[in-house]
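So this block is protein00.txt, compact mmCIF, C-alpha atoms:
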# COMPACT_ATOMS: atom_id res chain seq x y z
CA MET B 1 -60.18 -29.47 126.43
CA THR B 2 -58.84 -26.17 127.80
CA VAL B 3 -58.08 -23.64 125.09
CA PRO B 4 -54.57 -22.22 125.63
CA GLN B 5 -54.29 -18.46 126.13
CA SER B 6 -52.42 -16.31 123.66
CA PRO B 7 -49.00 -14.92 124.62
CA LYS B 8 -49.07 -11.45 126.16
CA THR B 9 -46.52 -8.68 126.34
CA LEU B 10 -45.59 -6.53 129.33
CA SER B 11 -42.94 -3.96 130.13
CA CYS B 12 -40.26 -4.46 132.76
CA PRO B 13 -40.87 -1.81 135.46
CA SER B 14 -37.18 -1.84 136.25
CA CYS B 15 -35.62 -1.14 132.83
CA GLY B 16 -38.57 -0.74 130.47
CA SER B 17 -37.68 -3.74 128.31
CA SER B 18 -40.49 -5.58 126.56
CA LEU B 19 -41.18 -9.06 127.95
CA THR B 20 -43.30 -11.79 126.37
CA VAL B 21 -45.25 -14.18 128.56
CA ARG B 22 -45.66 -17.31 126.44
CA ALA B 23 -47.55 -19.43 128.97
CA PRO B 24 -50.06 -17.06 130.59
CA GLY B 25 -52.10 -18.76 133.24
CA HIS B 26 -49.24 -21.18 133.89
CA SER B 27 -46.31 -18.88 134.60
CA VAL B 28 -45.92 -17.47 138.09
CA SER B 29 -42.77 -15.43 137.47
CA VAL B 30 -40.96 -13.95 134.50
CA ALA B 31 -37.32 -12.78 134.44
CA CYS B 32 -36.04 -9.88 132.41
CA SER B 33 -32.92 -10.75 130.43
CA SER B 34 -31.87 -7.10 130.26
CA CYS B 35 -31.68 -6.18 133.93
CA GLY B 36 -32.16 -9.45 135.80
CA ALA B 37 -35.41 -8.39 137.48
CA VAL B 38 -37.96 -11.14 138.21
CA LEU B 39 -41.58 -9.99 137.89
CA ASP B 40 -44.97 -11.31 138.87
CA PRO B 41 -46.84 -11.41 135.52
CA ASN B 42 -50.18 -11.81 137.30
CA ASP B 43 -49.75 -8.67 139.36
CA PRO B 44 -51.42 -5.59 137.78
CA ASP B 45 -48.31 -3.51 138.49
CA HIS B 46 -45.89 -6.32 137.47
CA LYS B 47 -44.19 -6.09 140.83
CA VAL B 48 -40.47 -7.00 141.02
CA ILE B 49 -40.17 -10.03 143.31
CA ALA B 50 -36.46 -10.82 142.88
CA ARG B 51 -33.36 -9.60 141.13
CA PHE B 52 -30.40 -11.48 139.62
CA LYS B 53 -27.06 -10.32 138.34
CA GLN B 54 -26.84 -10.44 134.58
CA ALA B 55 -24.97 -13.47 133.26
CA GLU B 56 -22.38 -13.26 130.55
CA GLY B 57 -23.45 -14.64 127.19
CA SER B 58 -26.89 -15.95 126.30
CA PRO B 59 -28.66 -19.31 126.19
CA ARG B 60 -27.71 -21.50 123.26
CA ILE B 61 -31.40 -22.08 122.59
CA PRO B 62 -33.07 -18.62 122.45
CA LEU B 63 -36.34 -18.05 124.29
CA GLY B 64 -39.32 -18.42 122.00
CA THR B 65 -37.65 -21.10 119.88
CA ARG B 66 -40.00 -23.91 118.94
CA GLY B 67 -38.98 -27.47 118.18
CA LYS B 68 -40.32 -30.98 117.97
CA VAL B 69 -38.88 -33.13 120.78
CA ARG B 70 -39.75 -36.83 120.81
CA GLY B 71 -42.53 -36.15 118.31
CA GLU B 72 -44.17 -33.29 120.27
CA THR B 73 -43.83 -29.54 119.69
CA TYR B 74 -42.48 -27.44 122.55
CA GLU B 75 -41.49 -23.80 122.96
CA VAL B 76 -38.55 -22.62 125.06
CA ILE B 77 -40.04 -20.19 127.62
CA GLY B 78 -37.44 -20.16 130.39
CA TYR B 79 -33.74 -20.52 131.00
CA LEU B 80 -31.78 -20.75 134.22
CA ILE B 81 -28.32 -21.60 135.44
CA ARG B 82 -27.97 -23.74 138.55
CA ALA B 83 -24.75 -23.93 140.50
CA SER B 84 -23.40 -26.33 143.09
CA GLU B 85 -20.12 -27.60 144.40
CA ALA B 86 -18.48 -31.01 144.91
CA ASP B 87 -15.41 -31.51 147.09
CA GLY B 88 -14.96 -27.76 147.15
CA VAL B 89 -15.02 -27.46 143.35
CA PRO B 90 -17.86 -25.28 141.98
CA PHE B 91 -19.75 -26.32 138.86
CA SER B 92 -22.92 -25.27 137.06
CA TRP B 93 -25.34 -26.50 134.47
CA ASN B 94 -28.01 -25.04 132.20
CA GLU B 95 -31.73 -25.76 132.27
CA TYR B 96 -34.26 -24.83 129.59
CA LEU B 97 -37.98 -24.84 130.41
CA LEU B 98 -40.10 -26.13 127.52
CA PHE B 99 -43.85 -25.63 127.29
CA ASN B 100 -46.68 -27.22 125.34
CA PRO B 101 -50.18 -25.90 126.25
CA TYR B 102 -51.63 -29.42 126.07
CA LEU B 103 -48.75 -31.48 127.44
CA GLY B 104 -47.39 -29.08 130.03
CA PHE B 105 -43.75 -28.52 130.93
CA ARG B 106 -40.54 -30.34 130.13
CA TRP B 107 -37.00 -29.61 131.24
CA LEU B 108 -34.04 -29.76 128.90
CA THR B 109 -30.77 -29.75 130.88
CA GLU B 110 -27.21 -29.50 129.62
CA TYR B 111 -23.99 -30.16 131.49
CA GLN B 112 -20.59 -30.35 129.76
CA GLY B 113 -22.28 -31.03 126.43
CA HIS B 114 -24.53 -33.81 127.75
CA TRP B 115 -28.30 -33.31 127.40
CA ILE B 116 -31.28 -34.73 129.31
CA ILE B 117 -34.99 -34.25 128.59
CA ALA B 118 -37.08 -34.55 131.77
CA LYS B 119 -40.64 -34.27 133.03
CA ALA B 120 -42.44 -34.60 136.35
CA ALA B 121 -42.49 -38.16 137.65
CA SER B 122 -45.84 -39.89 138.12
CA GLY B 123 -45.56 -40.41 141.83
CA ALA B 124 -42.68 -40.91 144.23
CA PRO B 125 -40.38 -43.93 143.81
CA VAL B 126 -39.83 -46.62 146.41
CA ARG B 127 -36.72 -46.21 148.56
CA LEU B 128 -34.29 -49.18 148.58
CA ASP B 129 -31.68 -48.14 151.13
CA ALA B 130 -29.45 -45.77 149.14
CA ASP B 131 -31.15 -46.57 145.81
CA VAL B 132 -34.74 -46.25 144.59
CA GLN B 133 -37.19 -48.19 142.43
CA TYR B 134 -39.51 -46.49 139.97
CA LEU B 135 -42.05 -48.26 137.74
CA GLY B 136 -40.32 -51.58 138.41
CA GLU B 137 -36.84 -50.32 137.49
CA LYS B 138 -34.00 -49.85 139.96
CA TYR B 139 -32.04 -46.59 139.94
CA LYS B 140 -28.65 -46.35 141.65
CA HIS B 141 -27.83 -43.35 143.78
CA PHE B 142 -25.42 -41.11 141.91
CA GLN B 143 -25.03 -37.87 143.81
CA THR B 144 -26.53 -35.68 146.52
CA ALA B 145 -25.82 -31.96 146.35
CA LYS B 146 -27.09 -28.54 147.30
CA ALA B 147 -27.94 -26.45 144.23
CA HIS B 148 -28.91 -22.79 143.95
CA VAL B 149 -30.26 -20.68 141.13
CA ALA B 150 -27.47 -18.48 139.79
CA TYR B 151 -29.33 -16.83 136.91
CA VAL B 152 -32.78 -16.84 135.33
CA MET B 153 -34.32 -15.61 132.09
CA GLY B 154 -37.90 -16.01 130.88
CA GLU B 155 -40.89 -17.39 132.73
CA PHE B 156 -41.42 -20.20 135.23
CA PRO B 157 -44.37 -21.95 136.90
CA TRP B 158 -43.08 -21.08 140.38
CA ARG B 159 -42.04 -17.91 142.15
CA VAL B 160 -38.31 -17.61 141.51
CA LYS B 161 -36.23 -16.22 144.35
CA ALA B 162 -32.71 -14.87 144.14
CA GLY B 163 -30.28 -17.39 145.60
CA GLU B 164 -32.97 -19.96 146.34
CA SER B 165 -31.47 -23.38 146.93
CA ALA B 166 -32.66 -26.95 147.03
CA GLY B 167 -31.28 -30.33 147.92
CA VAL B 168 -30.88 -32.43 144.79
CA GLU B 169 -30.54 -36.22 144.64
CA ASP B 170 -29.82 -38.01 141.39
CA PHE B 171 -30.40 -41.71 140.73
CA VAL B 172 -29.41 -43.30 137.45
CA SER B 173 -30.27 -46.25 135.29
CA PRO B 174 -28.77 -45.18 131.94
CA PRO B 175 -30.17 -43.85 129.70
CA ARG B 176 -32.65 -42.63 132.36
CA ILE B 177 -32.16 -40.47 135.43
CA LEU B 178 -34.49 -39.93 138.38
CA SER B 179 -34.04 -36.67 140.29
CA CYS B 180 -35.45 -35.45 143.57
CA GLU B 181 -35.51 -31.73 144.35
CA ARG B 182 -36.21 -30.97 147.99
CA THR B 183 -36.95 -27.56 149.51
CA GLU B 184 -38.41 -26.53 152.85
CA ASP B 185 -41.89 -26.46 151.34
CA GLU B 186 -42.07 -29.38 148.92
CA ILE B 187 -40.45 -32.41 147.28
CA ASN B 188 -40.55 -32.83 143.51
CA TRP B 189 -39.48 -35.92 141.55
CA SER B 190 -38.64 -35.83 137.85
CA ILE B 191 -37.76 -38.55 135.37
CA GLY B 192 -35.31 -37.76 132.58
CA GLU B 193 -33.68 -39.48 129.66
CA HIS B 194 -30.43 -38.89 127.78
CA ILE B 195 -30.79 -37.15 124.43
CA GLU B 196 -28.05 -36.49 121.91
CA GLY B 197 -27.00 -32.88 121.42
CA THR B 198 -27.24 -33.30 117.66
CA ASP B 199 -30.89 -34.34 118.08
CA VAL B 200 -31.55 -31.22 120.16
CA TRP B 201 -30.00 -29.01 117.49
CA LYS B 202 -32.02 -30.73 114.78
CA ALA B 203 -35.25 -30.54 116.80
CA PHE B 204 -34.99 -26.76 117.28
CA GLY B 205 -33.40 -26.00 113.90
CA LEU B 206 -30.36 -24.39 115.49
CA GLN B 207 -27.35 -23.18 113.55
CA GLY B 208 -23.85 -24.52 114.11
CA SER B 209 -23.07 -27.49 116.35
CA PRO B 210 -24.01 -28.39 119.91
CA PRO B 211 -21.43 -27.84 122.65
CA VAL B 212 -18.60 -30.35 122.70
CA ARG B 213 -19.08 -33.20 125.13
CA HIS B 214 -16.60 -33.73 127.92
CA GLY B 215 -16.29 -36.91 129.92
CA VAL B 216 -19.22 -39.32 130.22
CA GLY B 217 -22.70 -38.05 130.97
CA VAL B 218 -24.57 -39.12 134.08
CA ALA B 219 -27.29 -40.81 131.99
CA GLN B 220 -25.33 -41.35 128.80
CA PRO B 221 -25.99 -44.90 127.54
CA SER B 222 -22.94 -47.08 127.34
CA PRO B 223 -21.96 -47.99 123.76
CA TYR B 224 -20.95 -51.39 125.13
CA LYS B 225 -24.22 -52.32 126.82
CA GLY B 226 -26.04 -55.08 124.97
CA LYS B 227 -22.97 -56.06 122.98
CA TRP B 228 -21.37 -58.25 125.64
CA ARG B 229 -23.60 -61.22 124.82
CA ASP B 230 -22.64 -61.02 121.14
CA ILE B 231 -18.96 -60.80 122.07
CA CYS B 232 -19.32 -63.90 124.28
CA PHE B 233 -21.13 -65.84 121.55
CA VAL B 234 -18.40 -65.04 119.03
CA PHE B 235 -15.65 -65.94 121.49
CA LEU B 236 -17.32 -69.20 122.52
CA GLY B 237 -17.90 -70.04 118.84
CA LEU B 238 -14.21 -69.52 118.02
CA LEU B 239 -13.22 -71.45 121.14
CA GLY B 240 -15.48 -74.32 120.10
CA ALA B 241 -13.92 -74.31 116.62
CA VAL B 242 -10.42 -74.47 118.13
CA PHE B 243 -11.32 -77.43 120.34
CA ALA B 244 -13.05 -79.16 117.43
CA ILE B 245 -9.94 -78.81 115.26
CA GLN B 246 -7.73 -80.05 118.10
CA THR B 247 -10.04 -83.01 118.67
CA PHE B 248 -9.90 -83.80 114.97
CA PHE B 249 -6.09 -83.80 114.98
CA MET B 250 -5.96 -85.91 118.14
CA PHE B 251 -8.39 -88.42 116.67
CA PHE B 252 -6.73 -88.76 113.27
CA SER B 253 -3.07 -88.33 114.30
CA GLN B 254 -0.96 -91.49 114.48
CA ASN B 255 0.79 -90.60 117.75
CA LYS B 256 2.74 -93.81 117.18
CA VAL B 257 5.97 -95.01 118.81
CA VAL B 258 8.27 -95.98 115.90
CA TYR B 259 11.50 -96.52 117.84
CA GLU B 260 12.42 -97.03 121.49
CA ASN B 261 15.62 -98.14 123.18
CA SER B 262 17.41 -97.95 126.54
CA ILE B 263 21.15 -97.25 126.36
CA THR B 264 23.98 -97.11 128.86
CA TYR B 265 26.72 -94.63 128.09
CA VAL B 266 30.14 -95.23 129.73
CA LYS B 267 32.65 -92.45 129.41
CA ALA B 268 36.04 -93.18 127.72
CA PRO B 269 38.59 -94.71 128.24
CA ALA B 270 36.24 -97.42 129.58
CA ASN B 271 34.42 -97.21 126.28
CA PRO B 272 37.15 -97.40 123.61
CA GLY B 273 34.57 -97.95 120.89
CA GLY B 274 33.46 -94.33 121.21
CA ALA B 275 30.28 -92.67 122.45
CA ALA B 276 28.36 -92.45 119.17
CA LEU B 277 25.40 -94.74 118.70
CA VAL B 278 23.65 -95.60 115.43
CA THR B 279 20.12 -96.86 116.03
CA ASP B 280 18.23 -99.50 114.12
CA SER B 281 16.17 -98.27 111.19
CA PHE B 282 12.52 -97.42 111.60
CA ASP B 283 9.71 -96.31 109.31
CA LEU B 284 7.97 -92.94 109.37
CA THR B 285 4.68 -93.49 107.55
CA GLY B 286 1.65 -91.46 106.61
CA ARG B 287 1.37 -87.81 105.71
CA ARG B 288 4.16 -85.31 106.17
CA SER B 289 4.02 -84.52 109.88
CA ASN B 290 6.11 -84.00 113.00
CA VAL B 291 8.42 -86.35 114.90
CA ARG B 292 8.83 -86.14 118.67
CA ILE B 293 11.97 -87.44 120.36
CA ASP B 294 11.96 -88.01 124.14
CA ILE B 295 15.10 -88.45 126.25
CA ASP B 296 14.93 -89.80 129.82
CA THR B 297 18.08 -90.23 131.94
CA ASP B 298 19.22 -91.25 135.41
CA LEU B 299 21.35 -88.08 135.86
CA SER B 300 22.00 -86.96 139.44
CA ASN B 301 23.68 -83.61 140.11
CA ASN B 302 25.13 -83.61 136.64
CA TRP B 303 24.44 -82.78 133.01
CA ALA B 304 24.54 -84.38 129.58
CA TYR B 305 24.33 -83.00 126.07
CA TYR B 306 23.09 -85.16 123.20
CA HIS B 307 24.21 -84.45 119.64
CA MET B 308 21.63 -86.11 117.41
CA ALA B 309 20.74 -86.48 113.76
CA LEU B 310 17.68 -88.00 112.08
CA ILE B 311 18.89 -89.46 108.78
CA ASN B 312 16.80 -90.57 105.81
CA GLU B 313 18.18 -93.87 104.48
CA GLY B 314 16.86 -93.28 101.00
CA THR B 315 18.09 -89.72 100.41
CA GLY B 316 20.87 -89.43 102.99
CA SER B 317 19.49 -86.08 104.15
CA ALA B 318 19.95 -85.40 107.85
CA LEU B 319 18.21 -83.23 110.41
CA ASN B 320 20.82 -82.24 113.00
CA PHE B 321 19.81 -81.07 116.47
CA GLY B 322 20.88 -81.28 120.09
CA ARG B 323 19.34 -81.31 123.56
CA GLU B 324 20.83 -80.66 126.98
CA VAL B 325 19.59 -82.45 130.09
CA SER B 326 20.66 -81.36 133.56
CA TYR B 327 19.42 -82.23 137.02
CA TYR B 328 20.68 -80.85 140.32
CA PHE B 329 19.35 -80.97 143.85
CA GLY B 330 20.46 -80.16 147.36
CA ARG B 331 19.56 -78.58 150.65
CA ASP B 332 20.40 -75.20 152.12
CA SER B 333 19.14 -72.84 154.83
CA ASP B 334 15.86 -72.38 152.90
CA GLY B 335 15.26 -76.12 152.66
CA SER B 336 15.42 -78.60 149.81
CA TRP B 337 15.79 -77.40 146.23
CA THR B 338 15.97 -78.87 142.73
CA GLU B 339 16.96 -77.47 139.37
CA GLY B 340 16.29 -78.80 135.88
CA GLY B 341 15.02 -82.29 135.18
CA LYS B 342 16.10 -85.75 134.17
CA GLY B 343 14.48 -85.67 130.75
CA ASP B 344 13.74 -83.51 127.73
CA ARG B 345 12.00 -83.68 124.38
CA VAL B 346 12.22 -82.09 120.96
CA TYR B 347 9.78 -81.77 118.07
CA LEU B 348 10.99 -81.97 114.49
CA PRO B 349 8.26 -80.39 112.35
CA SER B 350 7.07 -81.53 108.94
CA VAL B 351 9.19 -84.66 108.39
CA GLU B 352 8.36 -86.56 105.20
CA SER B 353 7.64 -90.27 105.29
CA GLY B 354 10.43 -92.78 104.68
CA ARG B 355 12.88 -95.12 106.40
CA TYR B 356 15.16 -93.45 108.95
CA TYR B 357 17.78 -94.09 111.60
CA MET B 358 19.35 -91.88 114.26
CA LEU B 359 22.91 -90.96 115.15
CA ILE B 360 23.29 -90.14 118.87
CA GLU B 361 26.47 -88.86 120.50
CA PRO B 362 26.27 -88.03 124.25
CA GLU B 363 28.60 -85.61 126.04
CA THR B 364 28.74 -85.49 129.85
CA ASN B 365 30.91 -85.23 132.98
CA ALA B 366 29.25 -88.27 134.50
CA PRO B 367 31.27 -91.52 134.21
CA LYS B 368 28.14 -93.46 133.39
CA VAL B 369 24.66 -92.45 132.23
CA LYS B 370 21.66 -94.58 131.46
CA TYR B 371 19.24 -92.98 129.03
CA ARG B 372 16.18 -93.99 127.09
CA ILE B 373 15.31 -92.74 123.59
CA GLN B 374 11.77 -92.82 122.24
CA VAL B 375 10.71 -91.64 118.77
CA ARG B 376 7.03 -90.87 118.07
CA ARG B 377 5.45 -90.08 114.72
CA ASP B 378 2.63 -87.56 114.06
CA VAL B 379 2.06 -86.31 117.64
CA PRO B 380 -0.81 -83.83 118.17
CA ARG B 381 0.29 -80.61 119.88
CA ILE B 382 -1.72 -78.13 121.93
CA GLY B 383 0.70 -75.20 121.66
CA TRP B 384 -1.12 -73.72 118.65
CA MET B 385 -4.40 -74.08 120.52
CA VAL B 386 -3.07 -72.17 123.52
CA TRP B 387 -1.90 -69.33 121.28
CA ALA B 388 -5.23 -69.34 119.43
CA VAL B 389 -7.15 -69.08 122.71
CA ILE B 390 -4.90 -66.21 123.85
CA LEU B 391 -5.43 -64.45 120.52
CA PHE B 392 -9.20 -64.93 120.62
CA ILE B 393 -9.53 -63.79 124.24
CA LEU B 394 -7.76 -60.47 123.66
CA PRO B 395 -10.75 -58.71 121.98
CA PRO B 396 -13.18 -59.65 124.81
CA LEU B 397 -10.63 -58.50 127.40
CA TRP B 398 -10.19 -55.21 125.55
CA PHE B 399 -13.99 -54.87 125.34
CA VAL B 400 -14.33 -55.43 129.11
CA TYR B 401 -11.57 -52.91 129.77
CA ARG B 402 -13.29 -50.26 127.64
CA MET B 403 -16.65 -51.03 129.25
CA ILE B 404 -15.27 -50.69 132.79
CA ARG B 405 -13.31 -47.57 131.83
CA PHE B 406 -16.48 -45.96 130.43
CA GLU B 407 -18.40 -46.62 133.65
CA HIS B 408 -15.41 -45.50 135.72
CA HIS B 409 -15.50 -42.09 134.03
CA ARG B 410 -19.27 -41.88 134.51
CA TRP B 411 -19.06 -42.57 138.24
CA SER B 412 -15.91 -40.54 138.85
CA GLU B 413 -18.10 -37.45 139.40
CA SER B 414 -20.57 -39.23 141.67
CA ASP B 415 -20.61 -39.85 145.40
CA HIS B 416 -19.61 -43.44 144.65
CA PRO B 417 -16.51 -43.48 142.38
CA MET B 418 -15.57 -46.96 141.15
CA PHE B 419 -11.85 -46.61 141.85
CA GLU B 420 -11.19 -43.93 144.43
CA ALA B 421 -7.41 -44.41 144.27
CA VAL B 422 -7.32 -43.82 140.51
CA GLU B 423 -7.36 -40.24 139.33
CA SER B 424 -9.85 -39.90 136.51
CA GLY B 425 -8.63 -38.24 133.35
CA ASP B 426 -10.77 -36.47 130.78
CA ASP B 427 -12.39 -38.98 128.47
CA ASP B 428 -14.79 -38.65 125.61
CA ASP B 429 -17.79 -40.83 124.99
CA ASP B 430 -15.79 -43.28 122.84

Write out the structure in this file as structure tokens.
Amino acid sequence: MTVPQSPKTLSCPSCGSSLTVRAPGHSVSVACSSCGAVLDPNDPDHKVIARFKQAEGSPRIPLGTRGKVRGETYEVIGYLIRASEADGVPFSWNEYLLFNPYLGFRWLTEYQGHWIIAKAASGAPVRLDADVQYLGEKYKHFQTAKAHVAYVMGEFPWRVKAGESAGVEDFVSPPRILSCERTEDEINWSIGEHIEGTDVWKAFGLQGSPPVRHGVGVAQPSPYKGKWRDICFVFLGLLGAVFAIQTFFMFFSQNKVVYENSITYVKAPANPGGAALVTDSFDLTGRRSNVRIDIDTDLSNNWAYYHMALINEGTGSALNFGREVSYYFGRDSDGSWTEGGKGDRVYLPSVESGRYYMLIEPETNAPKVKYRIQVRRDVPRIGWMVWAVILFILPPLWFVYRMIRFEHHRWSESDHPMFEAVESGDDDDD
């Protein structure tokens, strides 16, 4: 095992500031945070090889800070700001170089409050048209951009140049991201994984809170992934219960015809006895349940209104109701048309058992109407089941909406937005 070298100190030849090289033997360049000069730490004279403008502010994780990330101890030895542009809009992100003398380098990147921990990939992935496959997992192409180094601080295992740029391709399979950095001289692949900002702060023992997250991170895991199956199981379970209850009611309901009659109504004065009809008595048996009354007529381009009452012989109590039936048809420039229907029905809920009769009084413009009355006891209905299904399906629909909306915000900053016509608003990570 190679014994790591101890950190060494040197002076910046440009401004005289003291610089600490924390990874001697590994670092090829070191940047002065005071004047922006980039030095060669292996050169006896510490020659200046590049120079950057000083950036405002300082890194949120100071150089030299040590922390335990994913169970391994690392030290922050470098910090840089990369900049790019998409659709003419400039943007930048922060990168922290972490070092462990036995495990090597790791990158900790932050963009809009979203963090990724990355390392060098073990070999190049397999290209699948626009996407790639790495270690048996498919990664979708997210974005291709040209990035340049805007500012550096600390030390790096390559010779940093002012304004150096590279082509960057990102491929995602949340919570992982595969990145390709391409320059004129080499191609480097790295594999990264989303990490919570609170975990970063805890790992390095930082004061305060991590930067506030904006939008959805490129590799941020969806809070909805993995829950869809549970949602479906719950929905299907409730749906099965609804159908089981409906089947039970259909099987044990009477659905029995207790009265039926065909009647011809002739309008006065041809009918001096009056239009009212009192039916024969019939029995409503069993538990307290509904009564369905069907009316079928031979109306043609006319209407009829039926005043009705269901009367209990024993108590004299009456349930009064009415139904209108109308049926019209014809032909015009658009073709044949119809309106209404020749029949109608009404449900009387929760009618107690007993002996009943009906009082029926038609009203119509037609001189003569034939109609048929049918009374059914304890008829199963599906209306409640329809409403139950609608109620139960709302949570899964809302879940799907939130899931799609989350992914929409993720991909809105990629080269492949989900809904190009929809302007993406700022959204948090739900």

Residues at most 12 Å from Asp294 of chain B, counting only C-alpha atoms, excluding those fewer than 3 positions away in the same chain, as a ChimeraX atom specification?
-> /B:257,259-262,291,297,306,308,322-325,342-348,371-377,379

Please return, as JSON, numbers by chain, all polymer residues that have at least one atom within 9 Å of the point (-40.4, -28.0, 131.1); use all atoms listed in the file and the file's own coordinate frame.
-> {"B": [74, 76, 77, 78, 96, 97, 98, 99, 100, 104, 105, 106, 107, 108, 117, 118, 119, 120, 156]}

Atom CA of Ala366 of chain B to atom CA of Asn301 of chain B, straight-line distance in Å |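 Straight-line distance from atom CA of Asn301 of chain B to atom CA of Ala366 of chain B works out to 9.2 Å.
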
Using only C-alpha atoms, which residues sit within 12 Å of Asp230 of chain B once same-chain residues fewer than 6 positions away are excluded, as a list in words?
->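 Residues meeting the cut-off are Tyr224, Leu236, Gly237, Pro396 and Phe399 of chain B.
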
Figure out the distance between atom CA of Val218 of chain B and atom CA of Phe406 of chain B, please, to one decimal in Å.
->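 For atom CA of Phe406 of chain B relative to atom CA of Val218 of chain B, the distance reads 11.2 Å.
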
Just give me the gap between atom CA of Tyr357 of chain B and atom CA of Arg292 of chain B in Å, one decimal is fine.
-> 13.9 Å

Which residues, written as a PyMOL selection string, have at least one atom at most 9 Å from Pro7 of chain B, with all atoms listed in the file counted and residues fewer than 4 positions away on the same chain left out?
-> chain B and resi 20-24

Neighbours of point (-35.3, -17.7, 129.9) within 9 Å, using all atoms listed in the file, written as a count of residues only = 20

Excluding segment 167-181 of chain B and any residue of its chain fewer than 6 positions from it, enumerate the residues within 6 Å of it, using all atoms listed in the file, and give them as a list in words.
->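 So, after excluding close chain neighbours, the residues are Tyr139, Lys140, His141, Phe142, Gln143, Thr144, Ala145, Lys146, Ile187, Asn188, Trp189, Ser190, Ile191, Gly192, Glu193, His194, Ala219, Gln220 and Pro221 of chain B.
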
B:Gly286, B:Pro380, B:Gly316, B:Gly330 ranked by distance to Ser353 of chain B, top pick (using all atoms listed in the file) = B:Gly286

Selected residue, from B:Glu352, B:Pro395, B:Asp415, B:Val69, that lies nearest to Lys202 of chain B when counting all atoms listed in the file |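 Of all the options, B:Val69 lies closest to Lys202 of chain B.
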
Give me the residues within 12 Å of Gly354 of chain B as a CSV table (one decimal) with C-alpha atoms, in the frame of the given file, counting all atoms listed in the file and dropping any in the same chain fewer than 4 places off.
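And here is the file that came out, out21.csv:
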chain,number,residue,atom,x,y,z
B,258,VAL,CA,8.3,-96.0,115.9
B,281,SER,CA,16.2,-98.3,111.2
B,282,PHE,CA,12.5,-97.4,111.6
B,283,ASP,CA,9.7,-96.3,109.3
B,284,LEU,CA,8.0,-92.9,109.4
B,285,THR,CA,4.7,-93.5,107.6
B,286,GLY,CA,1.6,-91.5,106.6
B,287,ARG,CA,1.4,-87.8,105.7
B,288,ARG,CA,4.2,-85.3,106.2
B,289,SER,CA,4.0,-84.5,109.9
B,310,LEU,CA,17.7,-88.0,112.1
B,311,ILE,CA,18.9,-89.5,108.8
B,312,ASN,CA,16.8,-90.6,105.8
B,313,GLU,CA,18.2,-93.9,104.5
B,314,GLY,CA,16.9,-93.3,101.0
B,315,THR,CA,18.1,-89.7,100.4
B,316,GLY,CA,20.9,-89.4,103.0
B,317,SER,CA,19.5,-86.1,104.2
B,377,ARG,CA,5.4,-90.1,114.7
